[in-house]
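This report refers to the structure that appears directly beneath it.
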Amino acid sequence: MTTRQLDLTGLKCPLPALKTRKALSGISPGERLEVRCTDPLAAIDIPNLINEMGDRLEAMQRQGDHIIFLIEKAQAAPV
């Protein structure tokens, strides 16, 4: 399983959520995205975005000033 990295350190709301949305739209179902942020609001915005998009938040952890999200892109819904 491929995990891509997205470093959004230093960006303020709403940029972390917007850039996470764009990155998720560019990866294939089953791939993972690791997002690293420093904006405290990302702890609210990114989980809400993931829920809205139907993807899966595998983990969220804090390391000092950083918040790290591990997201799995959902499989495409059958039509």
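Every chain in the structure tokens takes a letter, A first, then B, and so on in the order presented; its residues are numbered from 1, and the ligands are numbered from 1 following the presented order.
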Contacts of Ile27 of chain A within 10 Å, only C-alpha atoms, excl. fewer than 6 positions in-chain, as a PyMOL selection string | chain A and resi 2-4+33+72-73
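Within the 7 Å cut-off around segment 17-25 of chain A, using only C-alpha atoms and omitting residues fewer than 4 positions from it on the same chain, the listed residues are A:Ala42, A:Asp45, A:Ile46, A:Leu49, A:Lys73.
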Residues as selected, C-alpha atoms, written as a short mmCIF file (atom, residue, chain, number, x, y, z; two decimals), in the first residue's frame, can you do that?
data_model
loop_
_atom_site.label_atom_id
_atom_site.label_comp_id
_atom_site.auth_asym_id
_atom_site.auth_seq_id
_atom_site.Cartn_x
_atom_site.Cartn_y
_atom_site.Cartn_z
CA ALA A 42 -6.66 21.29 11.41
CA ASP A 45 -11.19 20.67 9.93
CA ILE A 46 -9.36 17.67 8.48
CA LEU A 49 -13.27 16.87 5.59
CA LYS A 73 -8.60 6.96 0.30
#
Running DSSP on the backbone, which parts of chain A land in strand (DSSP E or B), as a list in words?
-> Thr3, Arg4, Gln5, Leu6, Asp7, Leu8, Arg32, Leu33, Glu34, Val35, Arg36, Cys37, Arg56, Leu57, Glu58, Ala59, Met60, Gln61, Arg62, Gln63, His66, Ile67, Ile68, Phe69, Leu70, Ile71 and Glu72 of chain A
Shell around segment 58-68 of chain A at 8 Å using only C-alpha atoms, local window under 2 positions removed, as a VMD selection string = chain A and resid 9 34 to 40 42 to 43 56 70 to 72
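Note that atom CA of Leu41 of chain A and atom CA of Pro16 of chain A are 9.1 Å apart.
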Please run DSSP on the backbone and report, as an MDAnalysis selection string, all residues within chain A that come out as helix (DSSP H, G or I).
-> chainID A and resid 15:25 42:53
Expected file: the selected residues, C-alpha atoms, as a PDB file, in the first residue's frame:
ATOM      1  CA  LEU A  15      -5.309  26.012   3.588  1.00  0.00           C
ATOM      2  CA  PRO A  16      -4.563  22.673   5.338  1.00  0.00           C
ATOM      3  CA  ALA A  17      -8.085  21.381   4.643  1.00  0.00           C
ATOM      4  CA  LEU A  18      -8.125  22.706   1.067  1.00  0.00           C
ATOM      5  CA  LYS A  19      -4.724  21.229   0.214  1.00  0.00           C
ATOM      6  CA  THR A  20      -5.672  17.913   1.873  1.00  0.00           C
ATOM      7  CA  ARG A  21      -8.851  17.778  -0.244  1.00  0.00           C
ATOM      8  CA  LYS A  22      -6.853  18.408  -3.422  1.00  0.00           C
ATOM      9  CA  ALA A  23      -4.253  15.767  -2.508  1.00  0.00           C
ATOM     10  CA  LEU A  24      -6.943  13.171  -1.728  1.00  0.00           C
ATOM     11  CA  SER A  25      -8.636  13.788  -5.072  1.00  0.00           C
ATOM     12  CA  ALA A  42      -6.655  21.293  11.413  1.00  0.00           C
ATOM     13  CA  ALA A  43      -7.505  18.890  14.263  1.00  0.00           C
ATOM     14  CA  ILE A  44     -11.158  19.814  13.636  1.00  0.00           C
ATOM     15  CA  ASP A  45     -11.193  20.668   9.934  1.00  0.00           C
ATOM     16  CA  ILE A  46      -9.356  17.666   8.483  1.00  0.00           C
ATOM     17  CA  PRO A  47     -11.383  14.950  10.289  1.00  0.00           C
ATOM     18  CA  ASN A  48     -14.572  16.738   9.162  1.00  0.00           C
ATOM     19  CA  LEU A  49     -13.267  16.873   5.587  1.00  0.00           C
ATOM     20  CA  ILE A  50     -12.382  13.169   5.640  1.00  0.00           C
ATOM     21  CA  ASN A  51     -15.838  12.293   6.932  1.00  0.00           C
ATOM     22  CA  GLU A  52     -17.467  14.493   4.276  1.00  0.00           C
ATOM     23  CA  MET A  53     -15.441  12.869   1.474  1.00  0.00           C
TER      24      MET A  53
END
